[in-house]
>>> print(open('target_15.txt').read())   # compact mmCIF, C-alpha atoms
# COMPACT_ATOMS: atom_id res chain seq x y z
CA MET N 1 9.31 10.42 39.63
CA ASP N 2 10.90 9.42 42.96
CA GLY N 3 13.30 7.24 41.02
CA LEU N 4 15.11 10.37 39.83
CA ASN N 5 16.36 11.02 43.36
CA THR N 6 18.01 7.58 43.72
CA SER N 7 19.83 7.66 40.38
CA VAL N 8 23.49 8.64 40.21
CA VAL N 9 23.32 9.08 36.43
CA PHE N 10 21.87 12.46 35.55
CA GLU N 11 22.47 12.28 31.80
CA PHE N 12 22.95 9.79 28.99
CA VAL N 13 25.17 9.90 25.91
CA LEU N 14 23.58 8.81 22.61
CA THR N 15 26.36 7.11 20.64
CA GLY N 16 24.34 5.93 17.66
CA PHE N 17 26.05 8.18 15.11
CA SER N 18 29.66 7.74 14.07
CA GLY N 19 31.71 8.54 11.02
CA SER N 20 33.57 11.36 9.37
CA TRP N 21 32.58 15.01 9.57
CA GLU N 22 31.54 14.94 5.89
CA THR N 23 29.25 11.97 6.55
CA LYS N 24 27.65 13.73 9.49
CA VAL N 25 27.04 16.88 7.44
CA PHE N 26 25.50 14.79 4.67
CA LEU N 27 23.23 12.96 7.11
CA THR N 28 22.26 16.26 8.71
CA LEU N 29 21.08 17.55 5.34
CA VAL N 30 19.24 14.31 4.54
CA PHE N 31 17.46 14.14 7.90
CA SER N 32 16.64 17.86 7.78
CA LEU N 33 15.03 17.46 4.36
CA LEU N 34 13.18 14.35 5.53
CA TYR N 35 11.88 16.16 8.60
CA ILE N 36 10.72 19.14 6.54
CA GLY N 37 9.01 16.71 4.16
CA ILE N 38 7.32 14.93 7.07
CA ILE N 39 5.97 18.18 8.52
CA LEU N 40 4.81 19.65 5.20
CA GLY N 41 3.45 16.39 3.74
CA ASN N 42 1.48 15.28 6.78
CA LEU N 43 0.17 18.74 7.66
CA PHE N 44 -0.90 19.13 4.02
CA ILE N 45 -3.10 16.04 4.42
CA VAL N 46 -4.49 17.40 7.70
CA ILE N 47 -5.30 20.76 6.12
CA LEU N 48 -6.97 19.10 3.12
CA ALA N 49 -9.08 16.89 5.40
CA ILE N 50 -10.18 19.91 7.44
CA PHE N 51 -10.87 22.52 4.78
CA ASP N 52 -11.96 20.55 1.71
CA SER N 53 -15.59 19.45 1.97
CA HIS N 54 -14.99 16.56 -0.46
CA LEU N 55 -12.79 14.92 2.18
CA HIS N 56 -15.19 15.31 5.10
CA SER N 57 -15.61 11.60 5.68
CA PRO N 58 -14.60 9.10 8.39
CA MET N 59 -11.73 7.76 6.30
CA TYR N 60 -10.03 11.14 5.99
CA PHE N 61 -10.76 12.07 9.58
CA LEU N 62 -8.80 8.99 10.67
CA LEU N 63 -6.11 9.65 8.04
CA ALA N 64 -5.66 13.20 9.35
CA ASN N 65 -5.16 11.85 12.87
CA LEU N 66 -2.65 9.30 11.56
CA SER N 67 -0.76 12.16 9.89
CA LEU N 68 -0.74 14.10 13.16
CA SER N 69 0.68 11.07 14.97
CA ASP N 70 3.43 10.82 12.32
CA VAL N 71 4.30 14.46 12.92
CA GLY N 72 4.31 13.80 16.67
CA ILE N 73 6.58 10.75 16.65
CA SER N 74 9.02 12.40 14.23
CA SER N 75 9.11 15.62 16.25
CA THR N 76 9.89 13.58 19.37
CA THR N 77 13.04 12.12 17.83
CA MET N 78 14.28 13.79 14.63
CA PRO N 79 15.21 17.29 15.90
CA ARG N 80 17.39 15.61 18.52
CA MET N 81 18.91 13.27 15.91
CA ILE N 82 19.74 16.20 13.64
CA THR N 83 21.40 18.30 16.34
CA ASP N 84 23.35 15.33 17.72
CA LEU N 85 24.97 14.75 14.33
CA LEU N 86 26.92 17.99 14.66
CA ASP N 87 27.30 17.82 18.44
CA ASP N 88 30.31 15.90 19.71
CA SER N 89 28.92 15.51 23.25
CA LYS N 90 25.50 14.03 22.27
CA VAL N 91 24.37 14.37 25.88
CA ILE N 92 20.71 14.10 26.87
CA SER N 93 19.48 14.65 30.41
CA PHE N 94 17.95 11.79 32.38
CA GLN N 95 14.55 13.53 32.42
CA SER N 96 14.64 14.29 28.68
CA CYS N 97 15.67 10.72 27.88
CA MET N 98 12.79 9.28 29.90
CA ALA N 99 10.35 11.77 28.39
CA GLN N 100 11.49 10.93 24.85
CA ALA N 101 11.12 7.18 25.43
CA TYR N 102 7.69 7.75 27.00
CA PHE N 103 6.35 9.78 24.08
CA ILE N 104 7.79 7.34 21.52
CA HIS N 105 5.72 4.53 23.04
CA LEU N 106 2.69 6.77 23.59
CA VAL N 107 2.49 7.91 19.97
CA GLY N 108 3.54 4.49 18.65
CA GLY N 109 0.79 2.76 20.63
CA ALA N 110 -1.79 5.31 19.51
CA GLU N 111 -0.74 4.89 15.87
CA MET N 112 -1.26 1.12 16.06
CA VAL N 113 -4.83 1.62 17.28
CA LEU N 114 -5.45 4.24 14.58
CA LEU N 115 -4.36 1.74 11.94
CA ILE N 116 -6.86 -0.76 13.37
CA ALA N 117 -9.56 1.93 13.26
CA MET N 118 -8.71 2.64 9.62
CA ALA N 119 -8.95 -1.07 8.82
CA PHE N 120 -12.38 -1.17 10.48
CA ASP N 121 -13.40 1.85 8.42
CA ARG N 122 -12.39 0.10 5.18
CA TYR N 123 -14.18 -3.09 6.26
CA THR N 124 -17.38 -1.13 6.84
CA ALA N 125 -17.07 0.77 3.56
CA ILE N 126 -16.47 -2.37 1.47
CA CYS N 127 -18.53 -5.00 3.29
CA LYS N 128 -21.39 -2.88 4.67
CA PRO N 129 -21.63 0.09 2.29
CA LEU N 130 -25.34 0.76 2.96
CA HIS N 131 -24.72 1.15 6.69
CA TYR N 132 -21.34 2.88 6.40
CA LEU N 133 -22.33 6.38 7.50
CA LYS N 134 -24.46 5.02 10.32
CA ILE N 135 -21.73 2.75 11.68
CA MET N 136 -18.90 5.24 11.16
CA SER N 137 -20.77 8.18 12.65
CA PRO N 138 -18.85 11.26 13.87
CA LYS N 139 -19.35 10.06 17.46
CA VAL N 140 -17.82 6.67 16.65
CA CYS N 141 -14.88 8.25 14.81
CA ILE N 142 -14.10 10.61 17.68
CA SER N 143 -14.42 7.72 20.16
CA LEU N 144 -11.94 5.65 18.12
CA VAL N 145 -9.40 8.47 18.10
CA ILE N 146 -9.80 9.06 21.85
CA ALA N 147 -9.45 5.32 22.47
CA ALA N 148 -6.24 5.29 20.41
CA TRP N 149 -4.60 7.99 22.52
CA VAL N 150 -5.89 6.56 25.80
CA LEU N 151 -4.46 3.13 24.96
CA GLY N 152 -1.24 4.82 23.86
CA VAL N 153 -0.96 6.50 27.26
CA ILE N 154 -1.67 3.21 29.06
CA HIS N 155 0.94 1.37 27.00
CA ALA N 156 3.57 4.07 27.61
CA MET N 157 2.78 4.28 31.33
CA LEU N 158 3.21 0.51 31.71
CA GLN N 159 6.67 0.77 30.16
CA PHE N 160 7.55 3.91 32.11
CA SER N 161 6.53 2.46 35.48
CA PHE N 162 9.00 -0.43 35.14
CA VAL N 163 11.94 1.81 34.26
CA ILE N 164 11.64 5.04 36.24
CA ASN N 165 12.44 3.52 39.65
CA LEU N 166 15.48 1.53 38.52
CA PRO N 167 18.86 2.71 39.89
CA PHE N 168 21.26 4.13 37.31
CA CYS N 169 24.86 4.57 38.45
CA GLY N 170 26.79 4.05 35.23
CA PRO N 171 27.68 3.44 32.44
CA ASN N 172 25.52 6.01 30.67
CA LYS N 173 26.19 5.43 26.96
CA VAL N 174 23.17 4.43 24.84
CA ASP N 175 24.09 2.83 21.51
CA SER N 176 21.21 4.42 19.63
CA PHE N 177 20.02 7.67 18.05
CA CYS N 178 17.30 8.08 20.64
CA CYS N 179 16.20 6.81 24.05
CA ASP N 180 14.13 3.65 24.22
CA PHE N 181 13.14 1.76 27.34
CA PRO N 182 14.79 -1.60 26.47
CA ARG N 183 18.18 0.00 25.90
CA ILE N 184 17.87 2.20 29.00
CA ILE N 185 17.19 -0.87 31.18
CA LYS N 186 20.49 -2.35 29.96
CA LEU N 187 22.26 0.47 31.82
CA ALA N 188 20.52 -0.06 35.18
CA CYS N 189 22.71 -1.01 38.16
CA THR N 190 20.65 -4.09 38.90
CA ASP N 191 19.68 -7.37 37.31
CA GLY N 192 17.25 -6.06 34.72
CA THR N 193 16.52 -9.39 33.04
CA LYS N 194 12.99 -9.53 34.40
CA PHE N 195 12.29 -5.93 33.43
CA GLU N 196 13.83 -6.43 29.99
CA PHE N 197 11.50 -9.36 29.37
CA ILE N 198 8.43 -7.45 30.59
CA ILE N 199 9.22 -4.39 28.47
CA ALA N 200 10.01 -6.42 25.35
CA ALA N 201 7.01 -8.69 25.88
CA ASN N 202 4.69 -5.71 26.32
CA SER N 203 5.84 -3.97 23.14
CA GLY N 204 6.33 -7.20 21.22
CA PHE N 205 2.90 -8.61 22.08
CA LEU N 206 1.16 -5.34 21.23
CA THR N 207 3.04 -5.07 17.94
CA MET N 208 2.50 -8.68 16.87
CA ALA N 209 -1.15 -8.78 17.95
CA THR N 210 -1.95 -5.55 16.11
CA PHE N 211 -0.06 -6.59 12.97
CA PHE N 212 -1.71 -10.00 12.65
CA LEU N 213 -5.12 -8.52 13.46
CA LEU N 214 -4.67 -6.04 10.62
CA ILE N 215 -3.51 -8.71 8.17
CA LEU N 216 -6.46 -10.93 9.08
CA SER N 217 -8.87 -8.03 8.70
CA TYR N 218 -7.54 -7.17 5.24
CA ALA N 219 -7.74 -10.81 4.19
CA PHE N 220 -11.32 -11.01 5.50
CA ILE N 221 -12.27 -7.89 3.56
CA LEU N 222 -10.85 -9.26 0.29
CA VAL N 223 -12.50 -12.68 0.80
CA THR N 224 -15.84 -11.02 1.56
CA ALA N 225 -15.57 -8.86 -1.56
CA TRP N 226 -14.74 -11.95 -3.65
CA LYS N 227 -17.64 -14.02 -2.24
CA ARG N 228 -20.10 -11.23 -2.97
CA CYS N 229 -18.88 -11.08 -6.55
CA SER N 230 -17.77 -7.52 -5.96
CA ASP N 231 -14.96 -5.89 -7.86
CA LEU N 232 -12.00 -7.50 -6.11
CA SER N 233 -9.48 -5.30 -7.88
CA LYS N 234 -11.32 -2.19 -6.68
CA ALA N 235 -11.34 -3.49 -3.11
CA PHE N 236 -7.62 -4.25 -3.28
CA ALA N 237 -6.92 -0.81 -4.76
CA THR N 238 -8.83 0.74 -1.86
CA LEU N 239 -6.76 -1.23 0.66
CA SER N 240 -3.37 -1.00 -1.06
CA ALA N 241 -2.37 2.29 0.57
CA HIS N 242 -3.34 1.02 4.03
CA ILE N 243 -1.50 -2.26 3.53
CA SER N 244 1.65 -0.43 2.36
CA VAL N 245 1.60 1.84 5.42
CA VAL N 246 1.02 -1.13 7.75
CA PHE N 247 4.05 -3.00 6.40
CA LEU N 248 6.21 0.13 6.52
CA PHE N 249 5.26 0.81 10.12
CA PHE N 250 5.28 -2.70 11.55
CA THR N 251 8.29 -4.30 9.84
CA PRO N 252 10.88 -2.36 11.90
CA CYS N 253 8.80 -2.76 15.09
CA LEU N 254 8.57 -6.53 14.62
CA LEU N 255 12.28 -6.84 13.92
CA ILE N 256 13.10 -4.79 17.03
CA TYR N 257 10.70 -6.40 19.51
CA ILE N 258 10.22 -9.91 18.13
CA TRP N 259 13.18 -11.11 20.21
CA PRO N 260 13.07 -11.06 24.03
CA PHE N 261 15.41 -8.08 23.98
CA PRO N 262 17.10 -6.10 21.17
CA THR N 263 20.82 -6.77 21.08
CA SER N 264 21.80 -6.20 17.47
CA SER N 265 23.34 -2.87 16.48
CA ILE N 266 21.10 -2.86 13.41
CA ASP N 267 18.13 -2.10 15.69
CA LYS N 268 19.15 1.54 15.93
CA TYR N 269 18.87 1.89 12.15
CA LEU N 270 15.42 0.33 12.22
CA PHE N 271 14.38 3.18 14.53
CA VAL N 272 15.33 5.60 11.75
CA VAL N 273 12.91 3.82 9.42
CA ASP N 274 10.01 4.27 11.84
CA PHE N 275 10.85 7.86 12.82
CA ALA N 276 12.08 9.27 9.50
CA ILE N 277 11.35 7.09 6.47
CA THR N 278 7.82 5.83 7.19
CA PRO N 279 6.33 9.22 8.24
CA ALA N 280 7.87 10.78 5.11
CA LEU N 281 6.48 8.08 2.80
CA ASN N 282 2.97 7.94 4.28
CA PRO N 283 1.77 11.22 2.68
CA VAL N 284 3.29 10.12 -0.64
CA ILE N 285 1.55 6.73 -0.50
CA TYR N 286 -1.84 8.21 0.34
CA THR N 287 -1.45 10.92 -2.29
CA LEU N 288 -0.40 8.62 -5.12
CA ARG N 289 -2.84 5.81 -4.31
CA ASN N 290 -5.87 7.81 -3.27
CA LYS N 291 -8.14 8.98 -6.05
CA ASP N 292 -10.02 11.52 -3.91
CA ILE N 293 -6.87 13.27 -2.73
CA LYS N 294 -5.45 13.36 -6.26
CA VAL N 295 -8.68 14.93 -7.51
CA VAL N 296 -8.57 17.56 -4.76
CA ILE N 297 -4.93 18.38 -5.52
CA LYS N 298 -5.69 18.75 -9.24
CA ARG N 299 -8.62 21.02 -8.45
CA LEU N 300 -6.47 23.14 -6.12
CA SER N 301 -3.76 23.44 -8.78
CA LYS N 302 -6.17 24.96 -11.27
CA PRO N 303 -6.98 28.68 -11.21
CA GLY N 304 -10.46 29.44 -10.01
CA HIS N 305 -10.71 26.08 -8.24
CA TYR N 306 -12.93 27.38 -5.44
CA ASP N 307 -16.35 25.75 -5.67
CA LYS N 308 -19.11 27.64 -4.00
CA SER N 309 -21.36 24.62 -4.11
CA SER N 310 -19.04 22.87 -1.70
CA ASP N 311 -19.75 25.41 1.06
>>> encode(input="target_15.txt", output="structure tokens")
Amino acid sequence: MDGLNTSVVFEFVLTGFSGSWETKVFLTLVFSLLYIGIILGNLFIVILAIFDSHLHSPMYFLLANLSLSDVGISSTTMPRMITDLLDDSKVISFQSCMAQAYFIHLVGGAEMVLLIAMAFDRYTAICKPLHYLKIMSPKVCISLVIAAWVLGVIHAMLQFSFVINLPFCGPNKVDSFCCDFPRIIKLACTDGTKFEFIIAANSGFLTMATFFLLILSYAFILVTAWKRCSDLSKAFATLSAHISVVFLFFTPCLLIYIWPFPTSSIDKYLFVVDFAITPALNPVIYTLRNKDIKVVIKRLSKPGHYDKSSD
């Protein structure tokens, strides 16, 4: 954190939002409702996975951790976005800006690895059903989750280390709703071309590699199911929720980091998709397309649903 001492800029101004007062009030209500939906929807899945014995399986353990990561990444950005809508100054301290950018990449990196772990879980369930519980043992599941967060920390630290020691002496306006390392580097009082490329390449390579690995894994699962004369429609139905979530999560990331450095103003709206829309839709997708969760919800909605045999 020595870089803090050499920086003249002690705060940034987030200028992503503009428009009339009525528009800002409307967006405040929309984002507030979205954030409440994200918290309630994702925590509902976590609570179901913990307390309902019918969901005590590797798939729902990983899904619960994905829901927690959605809560984390939204909580890192959305409260600030909501308050800034009604705040004319929109000022964020240098330390808070760096911390926000760090946690965005930490949770984002962890979520990518969790999606890979969930794809591996579905591959094992569909292609190696007889060995599923042995392969996806509790120890393996916990190791996958730990690996996800460790890799998320490594990814974020790599980004952070390139930015924190750069000199910032003005300007201090960030054309976005939140802090992100590529846009912060643009404001450094030095030639940041090399750092811009490294940051974008790091995030872009991780995003592209993870996305194509997931697509290839899903294709391999479907081909394997077809070759074994299995029920291909059942396999696709099992994967449909995961595939939907993958496209929702990765499409904005690919559009932001596929170029050497984000320059389009539309990038800031793509951040909203990843921080607000996708985390809000994930619980809906898994609820509507998951038979087990729908059964549990129906059982909970009926009086006298408690099943002593499940203890």
>>> closest_atom_pairs(input="target_15.txt", of="segment 15-124 of chain N", to="segment 161-185 of chain N", cutoff="10 Å", atoms="all atoms listed in the file", output="JSON lines")
{"residue": "N:Thr15", "atom": "CA", "partner": "N:Asp175", "partner_atom": "CA", "distance": 4.9}
{"residue": "N:Gly16", "atom": "CA", "partner": "N:Ser176", "partner_atom": "CA", "distance": 4.0}
{"residue": "N:Phe17", "atom": "CA", "partner": "N:Phe177", "partner_atom": "CA", "distance": 6.7}
{"residue": "N:Thr76", "atom": "CA", "partner": "N:Cys178", "partner_atom": "CA", "distance": 9.3}
{"residue": "N:Thr77", "atom": "CA", "partner": "N:Cys178", "partner_atom": "CA", "distance": 6.5}
{"residue": "N:Met78", "atom": "CA", "partner": "N:Cys178", "partner_atom": "CA", "distance": 8.8}
{"residue": "N:Arg80", "atom": "CA", "partner": "N:Cys178", "partner_atom": "CA", "distance": 7.8}
{"residue": "N:Met81", "atom": "CA", "partner": "N:Phe177", "partner_atom": "CA", "distance": 6.1}
{"residue": "N:Ile82", "atom": "CA", "partner": "N:Phe177", "partner_atom": "CA", "distance": 9.6}
{"residue": "N:Asp84", "atom": "CA", "partner": "N:Phe177", "partner_atom": "CA", "distance": 8.4}
{"residue": "N:Leu85", "atom": "CA", "partner": "N:Phe177", "partner_atom": "CA", "distance": 9.4}
{"residue": "N:Lys90", "atom": "CA", "partner": "N:Phe177", "partner_atom": "CA", "distance": 9.4}
{"residue": "N:Val91", "atom": "CA", "partner": "N:Lys173", "partner_atom": "CA", "distance": 9.2}
{"residue": "N:Ile92", "atom": "CA", "partner": "N:Cys179", "partner_atom": "CA", "distance": 9.0}
{"residue": "N:Phe94", "atom": "CA", "partner": "N:Asn172", "partner_atom": "CA", "distance": 9.7}
{"residue": "N:Gln95", "atom": "CA", "partner": "N:Ile164", "partner_atom": "CA", "distance": 9.8}
{"residue": "N:Ser96", "atom": "CA", "partner": "N:Cys179", "partner_atom": "CA", "distance": 8.9}
{"residue": "N:Cys97", "atom": "CA", "partner": "N:Cys179", "partner_atom": "CA", "distance": 5.5}
{"residue": "N:Met98", "atom": "CA", "partner": "N:Cys179", "partner_atom": "CA", "distance": 7.2}
{"residue": "N:Ala99", "atom": "CA", "partner": "N:Cys179", "partner_atom": "CA", "distance": 8.8}
{"residue": "N:Gln100", "atom": "CA", "partner": "N:Cys179", "partner_atom": "CA", "distance": 6.3}
{"residue": "N:Ala101", "atom": "CA", "partner": "N:Asp180", "partner_atom": "CA", "distance": 4.8}
{"residue": "N:Tyr102", "atom": "CA", "partner": "N:Phe181", "partner_atom": "CA", "distance": 8.1}
{"residue": "N:Phe103", "atom": "CA", "partner": "N:Asp180", "partner_atom": "CA", "distance": 9.9}
{"residue": "N:Ile104", "atom": "CA", "partner": "N:Asp180", "partner_atom": "CA", "distance": 7.8}
{"residue": "N:His105", "atom": "CA", "partner": "N:Asp180", "partner_atom": "CA", "distance": 8.5}
>>> axis_aligned_box(input="target_15.txt", around="segment 196-204 of chain N", padding_each_side="6 Å", output="AutoDock Vina command-line options")
--center_x 9.3 --center_y -6.7 --center_z 25.9 --size_x 21.1 --size_y 17.4 --size_z 21.4
>>> atom_distance(input="target_15.txt", atom1="atom CA of Ser137 of chain N", atom2="atom CA of Leu63 of chain N")
15.4 Å
>>> residues_around(input="target_15.txt", residues="segment 291-296 of chain N", least_positions_apart="5", cutoff="12 Å", atoms="only C-alpha atoms", output="MDAnalysis selection string")
chainID N and resid 44:49 51:57 59:60 63 234 237:238 241 283:286 301:302 305:307
>>> atom_distance(input="target_15.txt", atom1="atom CA of Thr28 of chain N", atom2="atom CA of Pro79 of chain N")
10.1 Å
>>> atom_distance(input="target_15.txt", atom1="atom CA of Phe61 of chain N", atom2="atom CA of Val140 of chain N")
11.4 Å
>>> closest_residue(input="target_15.txt", among="N:Leu27, N:Leu62, N:Leu86, N:Met157", to="Ser143 of chain N", atoms="only C-alpha atoms")
N:Leu62
>>> residues_near_point(input="target_15.txt", point="(13.5, 13.9, 5.5)", cutoff="12 Å", atoms="all atoms listed in the file", output="count of residues only")
31
>>> closest_residue(input="target_15.txt", among="N:Leu66, N:Leu151, N:Ala219, N:Ala209", to="Phe250 of chain N", atoms="only C-alpha atoms")
N:Ala209
>>> decode(input="target_15.txt", residues="segment 100-130 of chain N", atoms="N, CA and C atoms", output="tab-separated table (two decimals), in the first residue's frame")
chain	number	residue	atom	x	y	z
N	100	GLN	N	-12.91	-1.79	-3.81
N	100	GLN	CA	-14.04	-2.24	-4.61
N	100	GLN	C	-13.57	-2.99	-5.86
N	101	ALA	N	-12.60	-2.42	-6.57
N	101	ALA	CA	-12.07	-3.07	-7.77
N	101	ALA	C	-11.45	-4.42	-7.42
N	102	TYR	N	-10.74	-4.47	-6.30
N	102	TYR	CA	-10.11	-5.72	-5.87
N	102	TYR	C	-11.14	-6.81	-5.62
N	103	PHE	N	-12.19	-6.49	-4.89
N	103	PHE	CA	-13.19	-7.50	-4.55
N	103	PHE	C	-14.04	-7.89	-5.76
N	104	ILE	N	-14.22	-6.97	-6.70
N	104	ILE	CA	-14.93	-7.33	-7.94
N	104	ILE	C	-14.19	-8.44	-8.67
N	105	HIS	N	-12.87	-8.29	-8.79
N	105	HIS	CA	-12.09	-9.30	-9.50
N	105	HIS	C	-11.91	-10.56	-8.67
N	106	LEU	N	-11.85	-10.42	-7.35
N	106	LEU	CA	-11.74	-11.60	-6.49
N	106	LEU	C	-12.98	-12.48	-6.63
N	107	VAL	N	-14.15	-11.89	-6.44
N	107	VAL	CA	-15.39	-12.67	-6.50
N	107	VAL	C	-15.67	-13.13	-7.93
N	108	GLY	N	-15.36	-12.26	-8.91
N	108	GLY	CA	-15.57	-12.66	-10.30
N	108	GLY	C	-14.70	-13.85	-10.69
N	109	GLY	N	-13.43	-13.82	-10.27
N	109	GLY	CA	-12.54	-14.95	-10.56
N	109	GLY	C	-12.99	-16.22	-9.87
N	110	ALA	N	-13.44	-16.10	-8.62
N	110	ALA	CA	-13.93	-17.27	-7.89
N	110	ALA	C	-15.17	-17.84	-8.55
N	111	GLU	N	-16.05	-16.96	-9.04
N	111	GLU	CA	-17.29	-17.44	-9.66
N	111	GLU	C	-17.00	-18.21	-10.96
N	112	MET	N	-16.00	-17.78	-11.70
N	112	MET	CA	-15.64	-18.52	-12.91
N	112	MET	C	-15.21	-19.94	-12.58
N	113	VAL	N	-14.39	-20.09	-11.54
N	113	VAL	CA	-13.93	-21.42	-11.15
N	113	VAL	C	-15.09	-22.25	-10.61
N	114	LEU	N	-16.02	-21.63	-9.90
N	114	LEU	CA	-17.19	-22.35	-9.41
N	114	LEU	C	-18.04	-22.87	-10.56
N	115	LEU	N	-18.15	-22.09	-11.62
N	115	LEU	CA	-18.91	-22.54	-12.78
N	115	LEU	C	-18.22	-23.74	-13.45
N	116	ILE	N	-16.89	-23.73	-13.47
N	116	ILE	CA	-16.16	-24.89	-13.98
N	116	ILE	C	-16.41	-26.11	-13.09
N	117	ALA	N	-16.39	-25.90	-11.78
N	117	ALA	CA	-16.65	-27.00	-10.84
N	117	ALA	C	-18.05	-27.57	-11.04
N	118	MET	N	-19.02	-26.70	-11.29
N	118	MET	CA	-20.39	-27.16	-11.52
N	118	MET	C	-20.50	-27.93	-12.84
N	119	ALA	N	-19.73	-27.51	-13.84
N	119	ALA	CA	-19.71	-28.26	-15.10
N	119	ALA	C	-19.09	-29.65	-14.89
N	120	PHE	N	-18.03	-29.72	-14.10
N	120	PHE	CA	-17.42	-31.01	-13.78
N	120	PHE	C	-18.39	-31.90	-13.02
N	121	ASP	N	-19.15	-31.30	-12.13
N	121	ASP	CA	-20.16	-32.06	-11.38
N	121	ASP	C	-21.20	-32.65	-12.32
N	122	ARG	N	-21.67	-31.86	-13.29
N	122	ARG	CA	-22.67	-32.37	-14.24
N	122	ARG	C	-22.08	-33.43	-15.16
N	123	TYR	N	-20.81	-33.26	-15.55
N	123	TYR	CA	-20.15	-34.27	-16.35
N	123	TYR	C	-20.09	-35.60	-15.61
N	124	THR	N	-19.73	-35.55	-14.34
N	124	THR	CA	-19.63	-36.77	-13.54
N	124	THR	C	-20.99	-37.41	-13.36
N	125	ALA	N	-22.02	-36.59	-13.11
N	125	ALA	CA	-23.36	-37.13	-12.89
N	125	ALA	C	-23.93	-37.80	-14.13
N	126	ILE	N	-23.65	-37.21	-15.31
N	126	ILE	CA	-24.25	-37.73	-16.55
N	126	ILE	C	-23.39	-38.81	-17.18
N	127	CYS	N	-22.07	-38.64	-17.17
N	127	CYS	CA	-21.19	-39.57	-17.87
N	127	CYS	C	-20.64	-40.68	-16.98
N	128	LYS	N	-20.58	-40.45	-15.67
N	128	LYS	CA	-20.08	-41.49	-14.75
N	128	LYS	C	-21.01	-41.59	-13.54
N	129	PRO	N	-22.28	-41.92	-13.79
N	129	PRO	CA	-23.26	-41.91	-12.69
N	129	PRO	C	-22.95	-42.91	-11.58
N	130	LEU	N	-22.36	-44.06	-11.91
N	130	LEU	CA	-22.09	-45.08	-10.90
N	130	LEU	C	-20.97	-44.66	-9.94
